[in-house]
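Colleague: Hey, dropping work_0.cif in here, mmCIF, N, CA and C atoms:
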data_protein
#
loop_
_atom_site.label_atom_id
_atom_site.label_comp_id
_atom_site.auth_asym_id
_atom_site.auth_seq_id
_atom_site.Cartn_x
_atom_site.Cartn_y
_atom_site.Cartn_z
N MET A 1 -1.94 -16.69 7.74
CA MET A 1 -1.51 -15.32 7.59
C MET A 1 -1.74 -14.56 8.88
N GLU A 2 -0.80 -13.70 9.19
CA GLU A 2 -0.92 -12.83 10.35
C GLU A 2 -0.64 -11.40 9.87
N PHE A 3 -1.42 -10.46 10.39
CA PHE A 3 -1.25 -9.05 10.02
C PHE A 3 -0.85 -8.26 11.25
N LYS A 4 0.10 -7.34 11.05
CA LYS A 4 0.52 -6.46 12.14
C LYS A 4 0.54 -5.03 11.64
N TRP A 5 -0.08 -4.14 12.44
CA TRP A 5 -0.08 -2.72 12.16
C TRP A 5 1.08 -2.07 12.89
N TYR A 6 1.75 -1.16 12.21
CA TYR A 6 2.87 -0.44 12.80
C TYR A 6 2.74 1.06 12.56
N THR A 7 3.30 1.82 13.48
CA THR A 7 3.50 3.25 13.26
C THR A 7 4.98 3.45 12.96
N TYR A 8 5.33 4.67 12.64
CA TYR A 8 6.68 4.98 12.17
C TYR A 8 7.78 4.60 13.17
N LYS A 9 7.50 4.68 14.44
CA LYS A 9 8.54 4.41 15.45
C LYS A 9 8.62 2.95 15.87
N ASP A 10 7.72 2.11 15.39
CA ASP A 10 7.73 0.70 15.77
C ASP A 10 8.86 -0.04 15.06
N PRO A 11 9.68 -0.79 15.79
CA PRO A 11 10.79 -1.52 15.15
C PRO A 11 10.34 -2.51 14.07
N GLY A 12 9.17 -3.11 14.23
CA GLY A 12 8.67 -4.07 13.25
C GLY A 12 8.42 -3.48 11.88
N LEU A 13 8.31 -2.16 11.82
CA LEU A 13 8.07 -1.50 10.54
C LEU A 13 9.19 -1.78 9.55
N GLN A 14 10.37 -2.08 10.05
CA GLN A 14 11.50 -2.38 9.16
C GLN A 14 11.20 -3.57 8.24
N ASP A 15 10.34 -4.49 8.69
CA ASP A 15 9.94 -5.62 7.83
C ASP A 15 9.25 -5.10 6.57
N GLY A 16 8.35 -4.15 6.75
CA GLY A 16 7.66 -3.57 5.61
C GLY A 16 8.58 -2.72 4.76
N PHE A 17 9.47 -1.97 5.40
CA PHE A 17 10.41 -1.14 4.66
C PHE A 17 11.35 -1.99 3.80
N GLU A 18 11.72 -3.16 4.29
CA GLU A 18 12.59 -4.04 3.50
C GLU A 18 11.87 -4.52 2.24
N ILE A 19 10.57 -4.83 2.36
CA ILE A 19 9.79 -5.21 1.17
C ILE A 19 9.77 -4.05 0.19
N ARG A 20 9.49 -2.86 0.68
CA ARG A 20 9.45 -1.69 -0.21
C ARG A 20 10.80 -1.44 -0.88
N ARG A 21 11.86 -1.56 -0.13
CA ARG A 21 13.21 -1.35 -0.68
C ARG A 21 13.48 -2.38 -1.78
N GLU A 22 13.15 -3.65 -1.49
CA GLU A 22 13.41 -4.73 -2.46
C GLU A 22 12.60 -4.56 -3.73
N VAL A 23 11.31 -4.26 -3.59
CA VAL A 23 10.42 -4.23 -4.76
C VAL A 23 10.44 -2.87 -5.45
N PHE A 24 10.14 -1.81 -4.72
CA PHE A 24 10.02 -0.50 -5.37
C PHE A 24 11.37 0.06 -5.82
N CYS A 25 12.39 -0.10 -4.99
CA CYS A 25 13.69 0.49 -5.33
C CYS A 25 14.53 -0.42 -6.22
N LYS A 26 14.76 -1.65 -5.77
CA LYS A 26 15.64 -2.55 -6.53
C LYS A 26 14.98 -3.11 -7.79
N GLU A 27 13.73 -3.56 -7.68
CA GLU A 27 13.06 -4.20 -8.81
C GLU A 27 12.49 -3.18 -9.81
N ILE A 28 11.74 -2.20 -9.31
CA ILE A 28 11.08 -1.24 -10.20
C ILE A 28 12.00 -0.08 -10.55
N GLY A 29 12.87 0.29 -9.63
CA GLY A 29 13.82 1.35 -9.91
C GLY A 29 13.46 2.71 -9.34
N PHE A 30 12.49 2.77 -8.43
CA PHE A 30 12.18 4.04 -7.77
C PHE A 30 13.35 4.43 -6.87
N SER A 31 13.60 5.71 -6.75
CA SER A 31 14.65 6.18 -5.86
C SER A 31 14.17 6.05 -4.41
N GLU A 32 15.10 5.86 -3.50
CA GLU A 32 14.73 5.78 -2.08
C GLU A 32 14.13 7.10 -1.61
N GLU A 33 14.59 8.22 -2.18
CA GLU A 33 14.04 9.53 -1.80
C GLU A 33 12.57 9.62 -2.18
N PHE A 34 12.19 9.02 -3.30
CA PHE A 34 10.79 9.01 -3.72
C PHE A 34 9.99 8.01 -2.87
N GLU A 35 10.54 6.83 -2.69
CA GLU A 35 9.82 5.75 -2.03
C GLU A 35 9.55 6.04 -0.55
N PHE A 36 10.52 6.53 0.14
CA PHE A 36 10.38 6.78 1.58
C PHE A 36 10.18 8.28 1.77
N ASP A 37 8.94 8.67 2.07
CA ASP A 37 8.59 10.08 2.10
C ASP A 37 8.07 10.49 3.48
N GLU A 38 7.70 11.74 3.57
CA GLU A 38 7.20 12.28 4.84
C GLU A 38 5.92 11.61 5.31
N GLU A 39 5.13 11.08 4.37
CA GLU A 39 3.87 10.43 4.76
C GLU A 39 4.12 9.20 5.63
N ASP A 40 5.29 8.59 5.49
CA ASP A 40 5.58 7.42 6.33
C ASP A 40 5.45 7.74 7.81
N LYS A 41 5.82 8.95 8.19
CA LYS A 41 5.78 9.34 9.60
C LYS A 41 4.35 9.44 10.14
N ASN A 42 3.39 9.73 9.26
CA ASN A 42 1.99 9.89 9.67
C ASN A 42 1.13 8.67 9.38
N ALA A 43 1.68 7.72 8.67
CA ALA A 43 0.90 6.58 8.17
C ALA A 43 0.75 5.47 9.21
N LEU A 44 -0.26 4.65 8.96
CA LEU A 44 -0.40 3.35 9.60
C LEU A 44 0.11 2.35 8.56
N HIS A 45 1.03 1.51 8.97
CA HIS A 45 1.67 0.56 8.06
C HIS A 45 1.22 -0.85 8.43
N LEU A 46 0.86 -1.63 7.42
CA LEU A 46 0.41 -3.00 7.63
C LEU A 46 1.40 -3.95 6.97
N VAL A 47 1.84 -4.94 7.73
CA VAL A 47 2.70 -5.99 7.18
C VAL A 47 1.99 -7.32 7.37
N CYS A 48 1.93 -8.08 6.29
CA CYS A 48 1.36 -9.42 6.30
C CYS A 48 2.50 -10.42 6.45
N TYR A 49 2.34 -11.34 7.37
CA TYR A 49 3.34 -12.38 7.62
C TYR A 49 2.73 -13.75 7.32
N ASP A 50 3.55 -14.62 6.81
CA ASP A 50 3.16 -16.01 6.65
C ASP A 50 4.31 -16.86 7.15
N ASP A 51 4.02 -17.71 8.10
CA ASP A 51 5.04 -18.56 8.71
C ASP A 51 6.22 -17.71 9.21
N GLY A 52 5.89 -16.54 9.77
CA GLY A 52 6.90 -15.68 10.36
C GLY A 52 7.67 -14.80 9.38
N LYS A 53 7.40 -14.95 8.09
CA LYS A 53 8.11 -14.16 7.08
C LYS A 53 7.21 -13.03 6.59
N ALA A 54 7.79 -11.83 6.44
CA ALA A 54 7.05 -10.69 5.90
C ALA A 54 6.85 -10.93 4.41
N VAL A 55 5.57 -10.98 3.98
CA VAL A 55 5.25 -11.33 2.59
C VAL A 55 4.51 -10.24 1.83
N CYS A 56 4.01 -9.22 2.54
CA CYS A 56 3.28 -8.15 1.87
C CYS A 56 3.28 -6.92 2.78
N ASN A 57 3.22 -5.75 2.16
CA ASN A 57 3.25 -4.49 2.87
C ASN A 57 2.26 -3.52 2.26
N ALA A 58 1.74 -2.63 3.09
CA ALA A 58 0.88 -1.53 2.61
C ALA A 58 0.88 -0.43 3.67
N ARG A 59 0.39 0.74 3.29
CA ARG A 59 0.24 1.83 4.26
C ARG A 59 -1.00 2.64 3.92
N ILE A 60 -1.53 3.32 4.94
CA ILE A 60 -2.61 4.28 4.76
C ILE A 60 -2.29 5.52 5.58
N PHE A 61 -2.75 6.66 5.07
CA PHE A 61 -2.65 7.89 5.84
C PHE A 61 -3.86 8.75 5.53
N LEU A 62 -4.22 9.59 6.48
CA LEU A 62 -5.38 10.45 6.32
C LEU A 62 -5.02 11.56 5.34
N GLU A 63 -5.73 11.56 4.20
CA GLU A 63 -5.50 12.57 3.17
C GLU A 63 -6.29 13.85 3.47
N ARG A 64 -7.53 13.66 3.88
CA ARG A 64 -8.40 14.75 4.30
C ARG A 64 -9.52 14.09 5.11
N PRO A 65 -10.30 14.86 5.86
CA PRO A 65 -11.33 14.23 6.69
C PRO A 65 -12.18 13.22 5.92
N GLY A 66 -12.23 12.01 6.44
CA GLY A 66 -13.03 10.95 5.85
C GLY A 66 -12.38 10.19 4.71
N VAL A 67 -11.22 10.66 4.23
CA VAL A 67 -10.57 10.03 3.08
C VAL A 67 -9.16 9.57 3.45
N TRP A 68 -8.97 8.26 3.36
CA TRP A 68 -7.67 7.66 3.65
C TRP A 68 -6.98 7.29 2.34
N HIS A 69 -5.72 7.62 2.26
CA HIS A 69 -4.92 7.32 1.06
C HIS A 69 -4.17 6.02 1.29
N PHE A 70 -4.36 5.10 0.39
CA PHE A 70 -3.76 3.77 0.46
C PHE A 70 -2.57 3.70 -0.50
N GLY A 71 -1.55 2.99 -0.13
CA GLY A 71 -0.43 2.84 -1.05
C GLY A 71 0.63 1.88 -0.55
N ARG A 72 1.66 1.78 -1.39
CA ARG A 72 2.85 0.98 -1.11
C ARG A 72 2.55 -0.50 -0.92
N LEU A 73 1.50 -0.98 -1.61
CA LEU A 73 1.17 -2.41 -1.57
C LEU A 73 2.18 -3.15 -2.43
N ARG A 74 2.87 -4.08 -1.83
CA ARG A 74 3.85 -4.87 -2.57
C ARG A 74 4.17 -6.15 -1.84
N SER A 75 4.46 -7.17 -2.65
CA SER A 75 5.01 -8.44 -2.17
C SER A 75 6.27 -8.73 -2.95
N PRO A 76 7.28 -9.29 -2.29
CA PRO A 76 8.45 -9.75 -3.05
C PRO A 76 8.03 -10.78 -4.09
N GLN A 77 8.77 -10.86 -5.15
CA GLN A 77 8.40 -11.69 -6.30
C GLN A 77 8.03 -13.12 -5.93
N GLN A 78 8.78 -13.72 -5.03
CA GLN A 78 8.53 -15.14 -4.69
C GLN A 78 7.21 -15.35 -3.95
N TYR A 79 6.56 -14.26 -3.49
CA TYR A 79 5.29 -14.40 -2.77
C TYR A 79 4.09 -13.93 -3.58
N ARG A 80 4.29 -13.54 -4.80
CA ARG A 80 3.19 -13.03 -5.62
C ARG A 80 2.31 -14.17 -6.13
N GLY A 81 1.04 -13.85 -6.34
CA GLY A 81 0.10 -14.83 -6.87
C GLY A 81 -0.41 -15.81 -5.83
N LYS A 82 -0.17 -15.52 -4.56
CA LYS A 82 -0.59 -16.43 -3.49
C LYS A 82 -1.71 -15.84 -2.64
N GLY A 83 -2.24 -14.68 -3.05
CA GLY A 83 -3.37 -14.08 -2.34
C GLY A 83 -3.01 -13.11 -1.24
N TYR A 84 -1.73 -12.86 -1.01
CA TYR A 84 -1.33 -11.96 0.06
C TYR A 84 -1.76 -10.52 -0.23
N GLY A 85 -1.66 -10.10 -1.47
CA GLY A 85 -2.05 -8.74 -1.83
C GLY A 85 -3.53 -8.49 -1.58
N LYS A 86 -4.36 -9.38 -2.08
CA LYS A 86 -5.82 -9.22 -1.88
C LYS A 86 -6.17 -9.25 -0.40
N ALA A 87 -5.57 -10.16 0.34
CA ALA A 87 -5.86 -10.25 1.77
C ALA A 87 -5.42 -8.98 2.49
N THR A 88 -4.31 -8.40 2.08
CA THR A 88 -3.82 -7.18 2.69
C THR A 88 -4.74 -6.01 2.38
N VAL A 89 -5.19 -5.89 1.13
CA VAL A 89 -6.12 -4.81 0.78
C VAL A 89 -7.41 -4.95 1.58
N LYS A 90 -7.91 -6.16 1.71
CA LYS A 90 -9.15 -6.37 2.48
C LYS A 90 -8.96 -5.97 3.94
N LYS A 91 -7.80 -6.27 4.49
CA LYS A 91 -7.50 -5.90 5.88
C LYS A 91 -7.43 -4.39 6.03
N VAL A 92 -6.88 -3.71 5.03
CA VAL A 92 -6.81 -2.24 5.07
C VAL A 92 -8.21 -1.64 4.97
N ILE A 93 -9.06 -2.21 4.12
CA ILE A 93 -10.44 -1.73 4.02
C ILE A 93 -11.14 -1.87 5.37
N GLU A 94 -10.93 -3.01 6.05
CA GLU A 94 -11.51 -3.20 7.38
C GLU A 94 -11.04 -2.12 8.34
N LYS A 95 -9.75 -1.79 8.28
CA LYS A 95 -9.19 -0.74 9.15
C LYS A 95 -9.84 0.61 8.84
N CYS A 96 -10.03 0.90 7.57
CA CYS A 96 -10.68 2.15 7.19
C CYS A 96 -12.11 2.20 7.72
N GLU A 97 -12.80 1.06 7.72
CA GLU A 97 -14.14 1.00 8.30
C GLU A 97 -14.07 1.33 9.79
N GLU A 98 -13.09 0.76 10.51
CA GLU A 98 -12.91 1.04 11.94
C GLU A 98 -12.64 2.52 12.19
N LEU A 99 -11.94 3.16 11.24
CA LEU A 99 -11.58 4.57 11.37
C LEU A 99 -12.69 5.50 10.87
N SER A 100 -13.86 4.94 10.57
CA SER A 100 -15.02 5.69 10.08
C SER A 100 -14.73 6.45 8.79
N ALA A 101 -13.92 5.86 7.94
CA ALA A 101 -13.61 6.46 6.64
C ALA A 101 -14.84 6.45 5.75
N LEU A 102 -14.91 7.42 4.89
CA LEU A 102 -15.97 7.47 3.87
C LEU A 102 -15.47 6.87 2.57
N LYS A 103 -14.16 7.00 2.36
CA LYS A 103 -13.57 6.60 1.08
C LYS A 103 -12.09 6.28 1.29
N MET A 104 -11.59 5.39 0.44
CA MET A 104 -10.16 5.10 0.37
C MET A 104 -9.73 5.37 -1.06
N VAL A 105 -8.63 6.08 -1.25
CA VAL A 105 -8.12 6.40 -2.58
C VAL A 105 -6.70 5.87 -2.72
N LEU A 106 -6.28 5.68 -3.97
CA LEU A 106 -4.91 5.24 -4.23
C LEU A 106 -4.49 5.61 -5.64
N GLY A 107 -3.21 5.76 -5.81
CA GLY A 107 -2.63 5.93 -7.13
C GLY A 107 -2.04 4.59 -7.55
N ALA A 108 -2.74 3.86 -8.39
CA ALA A 108 -2.34 2.50 -8.77
C ALA A 108 -1.44 2.53 -10.01
N LYS A 109 -0.43 1.67 -10.01
CA LYS A 109 0.29 1.44 -11.26
C LYS A 109 -0.77 1.01 -12.28
N TYR A 110 -0.72 1.58 -13.47
CA TYR A 110 -1.78 1.33 -14.45
C TYR A 110 -1.97 -0.16 -14.75
N ASP A 111 -0.89 -0.91 -14.77
CA ASP A 111 -1.03 -2.34 -15.08
C ASP A 111 -1.65 -3.13 -13.92
N LYS A 112 -1.89 -2.50 -12.78
CA LYS A 112 -2.54 -3.15 -11.63
C LYS A 112 -4.00 -2.74 -11.49
N LYS A 113 -4.51 -1.95 -12.44
CA LYS A 113 -5.88 -1.44 -12.40
C LYS A 113 -6.89 -2.58 -12.24
N GLY A 114 -6.75 -3.64 -13.00
CA GLY A 114 -7.68 -4.77 -12.93
C GLY A 114 -7.70 -5.44 -11.56
N PHE A 115 -6.54 -5.52 -10.94
CA PHE A 115 -6.44 -6.10 -9.59
C PHE A 115 -7.33 -5.32 -8.63
N TYR A 116 -7.20 -3.99 -8.65
CA TYR A 116 -7.99 -3.16 -7.74
C TYR A 116 -9.47 -3.15 -8.12
N GLU A 117 -9.78 -3.18 -9.41
CA GLU A 117 -11.18 -3.25 -9.83
C GLU A 117 -11.83 -4.52 -9.30
N SER A 118 -11.08 -5.62 -9.26
CA SER A 118 -11.63 -6.88 -8.75
C SER A 118 -11.97 -6.80 -7.26
N LEU A 119 -11.43 -5.80 -6.58
CA LEU A 119 -11.70 -5.60 -5.16
C LEU A 119 -12.73 -4.49 -4.91
N GLY A 120 -13.30 -3.95 -6.00
CA GLY A 120 -14.36 -2.97 -5.86
C GLY A 120 -13.95 -1.52 -6.08
N PHE A 121 -12.71 -1.27 -6.45
CA PHE A 121 -12.24 0.09 -6.72
C PHE A 121 -12.66 0.52 -8.12
N SER A 122 -12.83 1.83 -8.29
CA SER A 122 -13.10 2.41 -9.60
C SER A 122 -12.08 3.51 -9.88
N THR A 123 -11.85 3.76 -11.16
CA THR A 123 -10.87 4.77 -11.55
C THR A 123 -11.52 6.15 -11.62
N TYR A 124 -10.66 7.16 -11.49
CA TYR A 124 -11.08 8.54 -11.74
C TYR A 124 -9.85 9.33 -12.16
N GLY A 125 -10.08 10.37 -12.91
CA GLY A 125 -8.98 11.21 -13.35
C GLY A 125 -8.23 10.64 -14.54
N GLU A 126 -7.15 11.29 -14.87
CA GLU A 126 -6.32 10.93 -16.02
C GLU A 126 -5.12 10.09 -15.59
N ILE A 127 -4.56 9.37 -16.53
CA ILE A 127 -3.32 8.63 -16.29
C ILE A 127 -2.21 9.65 -16.04
N PHE A 128 -1.37 9.36 -15.06
CA PHE A 128 -0.24 10.23 -14.75
C PHE A 128 0.99 9.35 -14.50
N GLU A 129 2.15 9.97 -14.46
CA GLU A 129 3.39 9.22 -14.24
C GLU A 129 4.02 9.57 -12.91
N GLU A 130 4.55 8.55 -12.26
CA GLU A 130 5.39 8.71 -11.08
C GLU A 130 6.68 7.98 -11.38
N GLU A 131 7.77 8.70 -11.37
CA GLU A 131 9.09 8.14 -11.67
C GLU A 131 9.07 7.36 -12.99
N GLY A 132 8.33 7.88 -13.96
CA GLY A 132 8.29 7.27 -15.29
C GLY A 132 7.35 6.09 -15.44
N VAL A 133 6.57 5.79 -14.40
CA VAL A 133 5.66 4.64 -14.43
C VAL A 133 4.22 5.16 -14.48
N PRO A 134 3.42 4.72 -15.48
CA PRO A 134 2.02 5.18 -15.58
C PRO A 134 1.19 4.72 -14.38
N HIS A 135 0.39 5.64 -13.86
CA HIS A 135 -0.50 5.40 -12.72
C HIS A 135 -1.88 5.94 -13.05
N ILE A 136 -2.86 5.48 -12.29
CA ILE A 136 -4.24 6.00 -12.38
C ILE A 136 -4.80 6.08 -10.96
N MET A 137 -5.57 7.11 -10.69
CA MET A 137 -6.20 7.23 -9.38
C MET A 137 -7.40 6.29 -9.32
N MET A 138 -7.59 5.69 -8.15
CA MET A 138 -8.70 4.76 -7.92
C MET A 138 -9.28 5.05 -6.55
N GLN A 139 -10.54 4.64 -6.36
CA GLN A 139 -11.21 4.87 -5.09
C GLN A 139 -12.21 3.77 -4.80
N ILE A 140 -12.53 3.66 -3.52
CA ILE A 140 -13.60 2.76 -3.09
C ILE A 140 -14.34 3.45 -1.96
N GLU A 141 -15.66 3.38 -2.02
CA GLU A 141 -16.49 3.93 -0.94
C GLU A 141 -16.46 2.92 0.22
N ILE A 142 -16.36 3.44 1.43
CA ILE A 142 -16.33 2.58 2.61
C ILE A 142 -17.73 2.59 3.23
N ASP A 143 -18.27 1.41 3.47
CA ASP A 143 -19.62 1.30 4.03
C ASP A 143 -19.64 1.59 5.51
#
As structure tokens - that is how I would like this structure written.

Modeller:
Amino acid sequence: MEFKWYTYKDPGLQDGFEIRREVFCKEIGFSEEFEFDEEDKNALHLVCYDDGKAVCNARIFLERPGVWHFGRLRSPQQYRGKGYGKATVKKVIEKCEELSALKMVLGAKYDKKGFYESLGFSTYGEIFEEEGVPHIMMQIEID
């Protein structure tokens, strides 16, 4: 596995955007207007590659001092269950440590709650919907 960080103007970011388009828009049904937002311009985007192919994507952006918001973690269907998601989350946590973050937060699809709990995240707040899909806020303290 190889990981590459991109900013909004980096051409390689299109690899991550294609994953998001395929999974969030085509598979889940989110609108492109919802999926691709203003935060993309301020975010750090991580793409995981395996054998030269983009297999997982995520992004983080500074929500407030010390708190980084994590999101857009996805792998195309043919790459799921192979550990790319967990490896990508761990790489993002490492980046947050480098950035002296105190905490990382995310709005997880409710059915992915267990995945994030297995990585040390805990829930807070009430279940809410984004584009008709139940979500829950989660957080992890950064050491």

Colleague: Of the candidates A:Phe34, A:Tyr116, A:Phe24, A:Tyr6, which one gets nearest to Arg74 of chain A if we count only C-alpha atoms?

Modeller: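 Among the listed residues, the smallest separation from Arg74 of chain A belongs to A:Phe24.
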
Colleague: Find the distance between atom CA of Val133 of chain A and atom CA of Lys103 of chain A and write it in Å to one decimal.

Modeller: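 Separation of atom CA of Val133 of chain A and atom CA of Lys103 of chain A: 24.8 Å.
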
Colleague: What is the distance between atom C of Trp5 of chain A and atom N of Gln77 of chain A, in Å to one decimal?

Modeller: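 Pair atom C of Trp5 of chain A / atom N of Gln77 of chain A returns 21.5 Å.
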
Colleague: Return as a list in words the full set of residues in segment 44-101 of chain A whose backbone-based DSSP assignment is helix (DSSP H, G or I).

Modeller: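 Matching residues for helix (DSSP H, G or I) in segment 44-101 of chain A are Gln77, Gln78, Tyr79, Tyr84, Gly85, Lys86, Ala87, Thr88, Val89, Lys90, Lys91, Val92, Ile93, Glu94, Lys95, Cys96, Glu97 and Glu98 of chain A.
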
Colleague: Write out as a compact mmCIF listing (two decimals) with N, CA and C atoms, keeping the file's coordinate frame which residues come within 8 Å of Gly16 of chain A when counting only C-alpha atoms, dropping same-chain ones fewer than 6 positions away.

Modeller:
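Written file, selection07.txt:
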# COMPACT_ATOMS: atom_id res chain seq x y z
N HIS A 45 1.03 1.51 8.97
CA HIS A 45 1.67 0.56 8.06
C HIS A 45 1.22 -0.85 8.43
N LEU A 46 0.86 -1.63 7.42
CA LEU A 46 0.41 -3.00 7.63
C LEU A 46 1.40 -3.95 6.97
N VAL A 47 1.84 -4.94 7.73
CA VAL A 47 2.70 -5.99 7.18
C VAL A 47 1.99 -7.32 7.37
N ALA A 54 7.79 -11.83 6.44
CA ALA A 54 7.05 -10.69 5.90
C ALA A 54 6.85 -10.93 4.41
N CYS A 56 4.01 -9.22 2.54
CA CYS A 56 3.28 -8.15 1.87
C CYS A 56 3.28 -6.92 2.78
N ASN A 57 3.22 -5.75 2.16
CA ASN A 57 3.25 -4.49 2.87
C ASN A 57 2.26 -3.52 2.26
N ALA A 58 1.74 -2.63 3.09
CA ALA A 58 0.88 -1.53 2.61
C ALA A 58 0.88 -0.43 3.67

Colleague: Give the answer as one residue: which of A:Gly71, A:Pro65, A:Pro76, A:Gly114 has the shortest atom-to-atom distance to Glu22 of chain A, using only C-alpha atoms?

Modeller: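 Nearest candidate to Glu22 of chain A out of A:Gly71, A:Pro65, A:Pro76, A:Gly114: A:Pro76.
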
Colleague: Decode the PyMOL selection byres ((chain A and resi 1) around 5) for the given file into explicit residues and return them as a VMD selection string.

Modeller: chain A and resid 2 to 3 49 to 50

Colleague: Using the chain letters and numbering of this document, enumerate as a list of chain:residue names the residues selected by the PyMOL selection byres ((chain A and resi 70) around 6.5).

Modeller: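 When the PyMOL selection byres ((chain A and resi 70) around 6.5) is applied to the shown file, the picked residues are A:Arg59, A:Ile60, A:Phe61, A:Trp68, A:His69, A:Gly71, A:Arg72, A:Leu73, A:Met104, A:Val105, A:Leu106, A:Gly107.
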
Colleague: Limited to N, CA and C atoms, could you put the picked residues into a file as a tab-separated table (two decimals), in the coordinates of the input?

Modeller:
chain	number	residue	atom	x	y	z
A	59	ARG	N	0.39	0.74	3.29
A	59	ARG	CA	0.24	1.83	4.26
A	59	ARG	C	-1.00	2.64	3.92
A	60	ILE	N	-1.53	3.32	4.94
A	60	ILE	CA	-2.61	4.28	4.76
A	60	ILE	C	-2.29	5.52	5.58
A	61	PHE	N	-2.75	6.66	5.07
A	61	PHE	CA	-2.65	7.89	5.84
A	61	PHE	C	-3.86	8.75	5.53
A	68	TRP	N	-8.97	8.26	3.36
A	68	TRP	CA	-7.67	7.66	3.65
A	68	TRP	C	-6.98	7.29	2.34
A	69	HIS	N	-5.72	7.62	2.26
A	69	HIS	CA	-4.92	7.32	1.06
A	69	HIS	C	-4.17	6.02	1.29
A	71	GLY	N	-1.55	2.99	-0.13
A	71	GLY	CA	-0.43	2.84	-1.05
A	71	GLY	C	0.63	1.88	-0.55
A	72	ARG	N	1.66	1.78	-1.39
A	72	ARG	CA	2.85	0.98	-1.11
A	72	ARG	C	2.55	-0.50	-0.92
A	73	LEU	N	1.50	-0.98	-1.61
A	73	LEU	CA	1.17	-2.41	-1.57
A	73	LEU	C	2.18	-3.15	-2.43
A	104	MET	N	-11.59	5.39	0.44
A	104	MET	CA	-10.16	5.10	0.37
A	104	MET	C	-9.73	5.37	-1.06
A	105	VAL	N	-8.63	6.08	-1.25
A	105	VAL	CA	-8.12	6.40	-2.58
A	105	VAL	C	-6.70	5.87	-2.72
A	106	LEU	N	-6.28	5.68	-3.97
A	106	LEU	CA	-4.91	5.24	-4.23
A	106	LEU	C	-4.49	5.61	-5.64
A	107	GLY	N	-3.21	5.76	-5.81
A	107	GLY	CA	-2.63	5.93	-7.13
A	107	GLY	C	-2.04	4.59	-7.55

Colleague: Measuring between only N, CA and C atoms, which one of A:Lys26, A:His135, A:Arg80, A:Arg21 shows the shortest distance to Ala108 of chain A?

Modeller: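 Ranking A:Lys26, A:His135, A:Arg80, A:Arg21 by distance to Ala108 of chain A, first place goes to A:His135.
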
Colleague: Do you have the atom CA of Gly132 of chain A-atom CA of Ser31 of chain A distance handy?

Modeller: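 Interatomic distance, atom CA of Gly132 of chain A to atom CA of Ser31 of chain A: 11.4 Å.
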
Colleague: Could you check the closest approach to Leu119 of chain A for each of A:Leu13, A:Leu62, A:Ile140, A:Ile28 and tell me which residue wins, using only N, CA and C atoms?

Modeller: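 For Leu119 of chain A, the nearest of the given residues is A:Ile140.
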
Colleague: Calculated over all atoms listed in the file, which of the candidates A:Lys53, A:Tyr8, A:Tyr110, A:Arg20 has the smallest distance to Phe128 of chain A?

Modeller: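 The shortest atom-to-atom distance to Phe128 of chain A comes from A:Tyr110.
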
Colleague: Compare A:Val92, A:Ala87, A:Ile142, A:Met137 by their minimum atom-to-atom distance to Val67 of chain A, counting only C-alpha atoms, and give me the closest one.

Modeller: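 Among the listed residues, the smallest separation from Val67 of chain A belongs to A:Ile142.
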
Colleague: Could you give me, as a ChimeraX atom specification, each residue of chain A that DSSP assigns to strand (DSSP E) when run on this structure's backbone?

Modeller: /A:2-6,44-50,53-64,67-74,103-109,122-130,133-141
